Amino acid sequence: MTDTVSGSYFASLAKARYLLLTTFKRKGTPVTAPVPGIVDGDRAYFGVSSRSGAVRRLQHTDGVQVAPCGALGLVSYGEPLNAAARRLADSEASDVAGQLARTHPVPRRSLARLLPRARRRRLVYYELLGG
C-alpha cells in the first residue's frame, strides 16, 4: 500500500483518524457514525462490527458520505465526500486490518479485543471508492 494522498479524492481525509460515515436506510434516511479509518492513495478504508447497523445498511446500498471527524463524531472537519463502499474479501482485509491496528491501537488491547469475540462479532472492512 502506498502513502501518496496528495491530489487524490480522499486527500481531505488523510490526516483524520476517524471518519464520519453516513449510510442510508432503505427509505433514504441518513444515519451517521464515527468509524476508524485510513487513507491510502486514492482509496480510503474503514472497519465496523459485523453486527452494526452500518453493515446492514451497506447490504442494500453502497452509496455513502464521509467526512473527517473526532473520535466521538461530534465535530466534522469539512464537507462530506460522496463515495461507494465495497466490502473487502478476507485476503484483502488482512492488510487493511494491520494498518488500522497500527493507527488505532487502543481498541485492540486486552478486554476490548475479547468482547466482540464473546458476542460472536468480528470486524468487517470496507474500501471507499471516490467519484
# chains A, B, ... in the order shown; residues from 1 in each chain; ligands from 1
$ residues_around --residues "segment 67-83 of chain A" --least-positions-apart "4" --cutoff "9 Å" --atoms "only C-alpha atoms" --output "count of residues only"
24
$ residues_around --residues "Thr61 of chain A" --least-positions-apart "6" --cutoff "9 Å" --atoms "only C-alpha atoms" --output "ChimeraX atom specification"
/A:23-26,84-85
$ atom_distance --atom1 "atom CA of Arg87 of chain A" --atom2 "atom CA of Ile38 of chain A"
15.0 Å
$ select_by_dssp --residues "segment 3-126 of chain A" --states "strand (DSSP E or B)" --output "PyMOL selection string"
chain A and resi 18-24+30-40+43-49+63-69+76+81-87+123-126
$ write_last_selection --atoms "C-alpha atoms" --output "PDB file, in the first residue's frame"
ATOM      1  CA  TYR A  18     -11.820   8.918  12.356  1.00  0.00           C
ATOM      2  CA  LEU A  19     -14.312   9.247   9.543  1.00  0.00           C
ATOM      3  CA  LEU A  20     -17.883  10.404   9.977  1.00  0.00           C
ATOM      4  CA  LEU A  21     -19.602   7.747   7.896  1.00  0.00           C
ATOM      5  CA  THR A  22     -23.117   8.462   6.652  1.00  0.00           C
ATOM      6  CA  THR A  23     -25.044   5.452   5.403  1.00  0.00           C
ATOM      7  CA  PHE A  24     -28.626   5.476   4.194  1.00  0.00           C
ATOM      8  CA  PRO A  30     -29.213   9.231   6.622  1.00  0.00           C
ATOM      9  CA  VAL A  31     -27.518   7.660   9.649  1.00  0.00           C
ATOM     10  CA  THR A  32     -24.088   8.885  10.741  1.00  0.00           C
ATOM     11  CA  ALA A  33     -21.480   7.201  12.915  1.00  0.00           C
ATOM     12  CA  PRO A  34     -17.759   7.780  13.544  1.00  0.00           C
ATOM     13  CA  VAL A  35     -15.597   4.894  12.353  1.00  0.00           C
ATOM     14  CA  PRO A  36     -11.823   4.418  12.497  1.00  0.00           C
ATOM     15  CA  GLY A  37     -10.411   4.906   9.049  1.00  0.00           C
ATOM     16  CA  ILE A  38      -7.280   5.322   6.985  1.00  0.00           C
ATOM     17  CA  VAL A  39      -6.490   6.828   3.601  1.00  0.00           C
ATOM     18  CA  ASP A  40      -4.139   5.058   1.228  1.00  0.00           C
ATOM     19  CA  ARG A  43      -8.821   4.970  -1.619  1.00  0.00           C
ATOM     20  CA  ALA A  44      -9.926   5.077   1.988  1.00  0.00           C
ATOM     21  CA  TYR A  45     -10.690   2.155   4.290  1.00  0.00           C
ATOM     22  CA  PHE A  46     -12.690   1.639   7.463  1.00  0.00           C
ATOM     23  CA  GLY A  47     -13.737  -1.213   9.725  1.00  0.00           C
ATOM     24  CA  VAL A  48     -17.025  -1.787  11.573  1.00  0.00           C
ATOM     25  CA  SER A  49     -18.543  -4.546  13.661  1.00  0.00           C
ATOM     26  CA  GLY A  63     -23.545   4.882  -1.516  1.00  0.00           C
ATOM     27  CA  VAL A  64     -22.075   6.683   1.499  1.00  0.00           C
ATOM     28  CA  GLN A  65     -20.765  10.070   2.536  1.00  0.00           C
ATOM     29  CA  VAL A  66     -17.585  10.528   4.572  1.00  0.00           C
ATOM     30  CA  ALA A  67     -16.013  13.477   6.343  1.00  0.00           C
ATOM     31  CA  PRO A  68     -13.102  13.776   8.777  1.00  0.00           C
ATOM     32  CA  CYS A  69     -14.210  13.934  12.408  1.00  0.00           C
ATOM     33  CA  SER A  76     -16.971  17.213  11.416  1.00  0.00           C
ATOM     34  CA  LEU A  81     -17.427  13.443   0.217  1.00  0.00           C
ATOM     35  CA  ASN A  82     -19.637  11.086  -1.776  1.00  0.00           C
ATOM     36  CA  ALA A  83     -18.212   7.599  -2.158  1.00  0.00           C
ATOM     37  CA  ALA A  84     -19.085   3.977  -2.760  1.00  0.00           C
ATOM     38  CA  ALA A  85     -18.273   1.350  -0.129  1.00  0.00           C
ATOM     39  CA  ARG A  86     -17.079  -2.092  -1.182  1.00  0.00           C
ATOM     40  CA  ARG A  87     -16.759  -4.902   1.348  1.00  0.00           C
ATOM     41  CA  LEU A 123     -14.714  -6.629  12.270  1.00  0.00           C
ATOM     42  CA  VAL A 124     -15.706  -6.182   8.653  1.00  0.00           C
ATOM     43  CA  TYR A 125     -13.561  -3.975   6.439  1.00  0.00           C
ATOM     44  CA  TYR A 126     -14.691  -1.754   3.592  1.00  0.00           C
TER      45      TYR A 126
END
$ closest_residue --among "A:Lys27, A:Gly41, A:Arg51, A:Ala101" --to "Arg122 of chain A" --atoms "only C-alpha atoms"
A:Arg51
$ atom_distance --atom1 "atom CA of Leu58 of chain A" --atom2 "atom CA of Thr29 of chain A"
13.1 Å
$ decode --residues "segment 15-63 of chain A" --atoms "N, CA and C atoms" --output "PDB file, in the first residue's frame"
ATOM      1  N   LYS A  15      -5.428  13.172   7.117  1.00  0.00           N
ATOM      2  CA  LYS A  15      -4.902  13.399   8.461  1.00  0.00           C
ATOM      3  C   LYS A  15      -5.878  12.990   9.558  1.00  0.00           C
ATOM      4  N   ALA A  16      -7.094  12.660   9.190  1.00  0.00           N
ATOM      5  CA  ALA A  16      -8.109  12.288  10.180  1.00  0.00           C
ATOM      6  C   ALA A  16      -7.907  10.861  10.655  1.00  0.00           C
ATOM      7  N   ARG A  17      -8.106  10.644  11.934  1.00  0.00           N
ATOM      8  CA  ARG A  17      -8.050   9.287  12.473  1.00  0.00           C
ATOM      9  C   ARG A  17      -9.420   8.628  12.406  1.00  0.00           C
ATOM     10  N   TYR A  18     -10.460   9.440  12.412  1.00  0.00           N
ATOM     11  CA  TYR A  18     -11.820   8.918  12.356  1.00  0.00           C
ATOM     12  C   TYR A  18     -12.569   9.551  11.197  1.00  0.00           C
ATOM     13  N   LEU A  19     -13.483   8.782  10.636  1.00  0.00           N
ATOM     14  CA  LEU A  19     -14.312   9.247   9.543  1.00  0.00           C
ATOM     15  C   LEU A  19     -15.758   9.259  10.003  1.00  0.00           C
ATOM     16  N   LEU A  20     -16.459  10.343   9.697  1.00  0.00           N
ATOM     17  CA  LEU A  20     -17.883  10.404   9.977  1.00  0.00           C
ATOM     18  C   LEU A  20     -18.578   9.766   8.782  1.00  0.00           C
ATOM     19  N   LEU A  21     -19.011   8.539   8.962  1.00  0.00           N
ATOM     20  CA  LEU A  21     -19.602   7.747   7.896  1.00  0.00           C
ATOM     21  C   LEU A  21     -21.115   7.930   7.922  1.00  0.00           C
ATOM     22  N   THR A  22     -21.665   8.329   6.791  1.00  0.00           N
ATOM     23  CA  THR A  22     -23.117   8.462   6.652  1.00  0.00           C
ATOM     24  C   THR A  22     -23.595   7.386   5.694  1.00  0.00           C
ATOM     25  N   THR A  23     -24.413   6.479   6.228  1.00  0.00           N
ATOM     26  CA  THR A  23     -25.044   5.452   5.403  1.00  0.00           C
ATOM     27  C   THR A  23     -26.529   5.788   5.326  1.00  0.00           C
ATOM     28  N   PHE A  24     -27.235   5.125   4.431  1.00  0.00           N
ATOM     29  CA  PHE A  24     -28.626   5.476   4.194  1.00  0.00           C
ATOM     30  C   PHE A  24     -29.541   4.266   4.350  1.00  0.00           C
ATOM     31  N   LYS A  25     -30.659   4.491   5.063  1.00  0.00           N
ATOM     32  CA  LYS A  25     -31.672   3.451   5.213  1.00  0.00           C
ATOM     33  C   LYS A  25     -32.392   3.258   3.890  1.00  0.00           C
ATOM     34  N   ARG A  26     -33.209   2.227   3.816  1.00  0.00           N
ATOM     35  CA  ARG A  26     -33.941   1.932   2.583  1.00  0.00           C
ATOM     36  C   ARG A  26     -34.806   3.098   2.114  1.00  0.00           C
ATOM     37  N   LYS A  27     -35.364   3.844   3.039  1.00  0.00           N
ATOM     38  CA  LYS A  27     -36.216   4.978   2.682  1.00  0.00           C
ATOM     39  C   LYS A  27     -35.416   6.252   2.437  1.00  0.00           C
ATOM     40  N   GLY A  28     -34.093   6.170   2.529  1.00  0.00           N
ATOM     41  CA  GLY A  28     -33.243   7.320   2.250  1.00  0.00           C
ATOM     42  C   GLY A  28     -32.839   8.135   3.456  1.00  0.00           C
ATOM     43  N   THR A  29     -33.242   7.742   4.646  1.00  0.00           N
ATOM     44  CA  THR A  29     -32.881   8.464   5.867  1.00  0.00           C
ATOM     45  C   THR A  29     -31.395   8.275   6.158  1.00  0.00           C
ATOM     46  N   PRO A  30     -30.646   9.375   6.330  1.00  0.00           N
ATOM     47  CA  PRO A  30     -29.213   9.231   6.622  1.00  0.00           C
ATOM     48  C   PRO A  30     -28.956   8.863   8.082  1.00  0.00           C
ATOM     49  N   VAL A  31     -27.952   8.046   8.307  1.00  0.00           N
ATOM     50  CA  VAL A  31     -27.518   7.660   9.649  1.00  0.00           C
ATOM     51  C   VAL A  31     -26.012   7.843   9.692  1.00  0.00           C
ATOM     52  N   THR A  32     -25.525   8.624  10.657  1.00  0.00           N
ATOM     53  CA  THR A  32     -24.088   8.885  10.741  1.00  0.00           C
ATOM     54  C   THR A  32     -23.484   8.200  11.963  1.00  0.00           C
ATOM     55  N   ALA A  33     -22.228   7.814  11.821  1.00  0.00           N
ATOM     56  CA  ALA A  33     -21.480   7.201  12.915  1.00  0.00           C
ATOM     57  C   ALA A  33     -19.995   7.399  12.663  1.00  0.00           C
ATOM     58  N   PRO A  34     -19.219   7.694  13.719  1.00  0.00           N
ATOM     59  CA  PRO A  34     -17.759   7.780  13.544  1.00  0.00           C
ATOM     60  C   PRO A  34     -17.169   6.381  13.464  1.00  0.00           C
ATOM     61  N   VAL A  35     -16.270   6.179  12.517  1.00  0.00           N
ATOM     62  CA  VAL A  35     -15.597   4.894  12.353  1.00  0.00           C
ATOM     63  C   VAL A  35     -14.103   5.152  12.204  1.00  0.00           C
ATOM     64  N   PRO A  36     -13.254   4.257  12.725  1.00  0.00           N
ATOM     65  CA  PRO A  36     -11.823   4.418  12.497  1.00  0.00           C
ATOM     66  C   PRO A  36     -11.515   4.175  11.023  1.00  0.00           C
ATOM     67  N   GLY A  37     -10.699   5.046  10.461  1.00  0.00           N
ATOM     68  CA  GLY A  37     -10.411   4.906   9.049  1.00  0.00           C
ATOM     69  C   GLY A  37      -9.005   5.336   8.687  1.00  0.00           C
ATOM     70  N   ILE A  38      -8.581   4.932   7.515  1.00  0.00           N
ATOM     71  CA  ILE A  38      -7.280   5.322   6.985  1.00  0.00           C
ATOM     72  C   ILE A  38      -7.437   5.652   5.508  1.00  0.00           C
ATOM     73  N   VAL A  39      -6.527   6.485   5.014  1.00  0.00           N
ATOM     74  CA  VAL A  39      -6.490   6.828   3.601  1.00  0.00           C
ATOM     75  C   VAL A  39      -5.196   6.293   3.030  1.00  0.00           C
ATOM     76  N   ASP A  40      -5.301   5.632   1.885  1.00  0.00           N
ATOM     77  CA  ASP A  40      -4.139   5.058   1.228  1.00  0.00           C
ATOM     78  C   ASP A  40      -4.254   5.343  -0.264  1.00  0.00           C
ATOM     79  N   GLY A  41      -3.522   6.336  -0.719  1.00  0.00           N
ATOM     80  CA  GLY A  41      -3.586   6.709  -2.124  1.00  0.00           C
ATOM     81  C   GLY A  41      -4.922   7.304  -2.482  1.00  0.00           C
ATOM     82  N   ASP A  42      -5.572   6.748  -3.498  1.00  0.00           N
ATOM     83  CA  ASP A  42      -6.866   7.277  -3.921  1.00  0.00           C
ATOM     84  C   ASP A  42      -8.036   6.501  -3.324  1.00  0.00           C
ATOM     85  N   ARG A  43      -7.768   5.721  -2.299  1.00  0.00           N
ATOM     86  CA  ARG A  43      -8.821   4.970  -1.619  1.00  0.00           C
ATOM     87  C   ARG A  43      -8.734   5.189  -0.116  1.00  0.00           C
ATOM     88  N   ALA A  44      -9.860   5.010   0.534  1.00  0.00           N
ATOM     89  CA  ALA A  44      -9.926   5.077   1.988  1.00  0.00           C
ATOM     90  C   ALA A  44     -10.535   3.774   2.487  1.00  0.00           C
ATOM     91  N   TYR A  45     -10.230   3.412   3.723  1.00  0.00           N
ATOM     92  CA  TYR A  45     -10.690   2.155   4.290  1.00  0.00           C
ATOM     93  C   TYR A  45     -11.228   2.396   5.688  1.00  0.00           C
ATOM     94  N   PHE A  46     -12.190   1.580   6.098  1.00  0.00           N
ATOM     95  CA  PHE A  46     -12.690   1.639   7.463  1.00  0.00           C
ATOM     96  C   PHE A  46     -13.157   0.255   7.882  1.00  0.00           C
ATOM     97  N   GLY A  47     -13.267   0.065   9.187  1.00  0.00           N
ATOM     98  CA  GLY A  47     -13.737  -1.213   9.725  1.00  0.00           C
ATOM     99  C   GLY A  47     -14.881  -0.981  10.695  1.00  0.00           C
ATOM    100  N   VAL A  48     -15.883  -1.858  10.669  1.00  0.00           N
ATOM    101  CA  VAL A  48     -17.025  -1.787  11.573  1.00  0.00           C
ATOM    102  C   VAL A  48     -17.358  -3.193  12.058  1.00  0.00           C
ATOM    103  N   SER A  49     -18.114  -3.265  13.124  1.00  0.00           N
ATOM    104  CA  SER A  49     -18.543  -4.546  13.661  1.00  0.00           C
ATOM    105  C   SER A  49     -19.506  -5.222  12.689  1.00  0.00           C
ATOM    106  N   SER A  50     -19.409  -6.543  12.602  1.00  0.00           N
ATOM    107  CA  SER A  50     -20.231  -7.292  11.642  1.00  0.00           C
ATOM    108  C   SER A  50     -21.722  -7.208  11.950  1.00  0.00           C
ATOM    109  N   ARG A  51     -22.079  -6.856  13.158  1.00  0.00           N
ATOM    110  CA  ARG A  51     -23.492  -6.753  13.528  1.00  0.00           C
ATOM    111  C   ARG A  51     -23.968  -5.311  13.645  1.00  0.00           C
ATOM    112  N   SER A  52     -23.193  -4.379  13.143  1.00  0.00           N
ATOM    113  CA  SER A  52     -23.583  -2.972  13.244  1.00  0.00           C
ATOM    114  C   SER A  52     -24.662  -2.628  12.228  1.00  0.00           C
ATOM    115  N   GLY A  53     -25.342  -1.541  12.486  1.00  0.00           N
ATOM    116  CA  GLY A  53     -26.357  -1.076  11.558  1.00  0.00           C
ATOM    117  C   GLY A  53     -25.760  -0.648  10.233  1.00  0.00           C
ATOM    118  N   ALA A  54     -24.538  -0.156  10.262  1.00  0.00           N
ATOM    119  CA  ALA A  54     -23.888   0.271   9.022  1.00  0.00           C
ATOM    120  C   ALA A  54     -23.730  -0.901   8.058  1.00  0.00           C
ATOM    121  N   VAL A  55     -23.383  -2.068   8.564  1.00  0.00           N
ATOM    122  CA  VAL A  55     -23.226  -3.241   7.712  1.00  0.00           C
ATOM    123  C   VAL A  55     -24.575  -3.623   7.101  1.00  0.00           C
ATOM    124  N   ARG A  56     -25.629  -3.568   7.903  1.00  0.00           N
ATOM    125  CA  ARG A  56     -26.957  -3.889   7.375  1.00  0.00           C
ATOM    126  C   ARG A  56     -27.378  -2.894   6.303  1.00  0.00           C
ATOM    127  N   ARG A  57     -27.108  -1.610   6.524  1.00  0.00           N
ATOM    128  CA  ARG A  57     -27.479  -0.603   5.527  1.00  0.00           C
ATOM    129  C   ARG A  57     -26.632  -0.723   4.263  1.00  0.00           C
ATOM    130  N   LEU A  58     -25.369  -1.089   4.410  1.00  0.00           N
ATOM    131  CA  LEU A  58     -24.499  -1.234   3.240  1.00  0.00           C
ATOM    132  C   LEU A  58     -24.825  -2.479   2.415  1.00  0.00           C
ATOM    133  N   GLN A  59     -25.628  -3.385   2.949  1.00  0.00           N
ATOM    134  CA  GLN A  59     -26.029  -4.552   2.180  1.00  0.00           C
ATOM    135  C   GLN A  59     -27.006  -4.181   1.072  1.00  0.00           C
ATOM    136  N   HIS A  60     -27.778  -3.106   1.259  1.00  0.00           N
ATOM    137  CA  HIS A  60     -28.742  -2.739   0.229  1.00  0.00           C
ATOM    138  C   HIS A  60     -28.323  -1.534  -0.600  1.00  0.00           C
ATOM    139  N   THR A  61     -27.353  -0.774  -0.156  1.00  0.00           N
ATOM    140  CA  THR A  61     -26.835   0.333  -0.964  1.00  0.00           C
ATOM    141  C   THR A  61     -25.376   0.566  -0.618  1.00  0.00           C
ATOM    142  N   ASP A  62     -24.563   0.852  -1.619  1.00  0.00           N
ATOM    143  CA  ASP A  62     -23.146   1.087  -1.356  1.00  0.00           C
ATOM    144  C   ASP A  62     -22.818   2.579  -1.306  1.00  0.00           C
ATOM    145  N   GLY A  63     -23.783   3.440  -1.544  1.00  0.00           N
ATOM    146  CA  GLY A  63     -23.545   4.882  -1.516  1.00  0.00           C
ATOM    147  C   GLY A  63     -23.419   5.400  -0.099  1.00  0.00           C
TER     148      GLY A  63
END
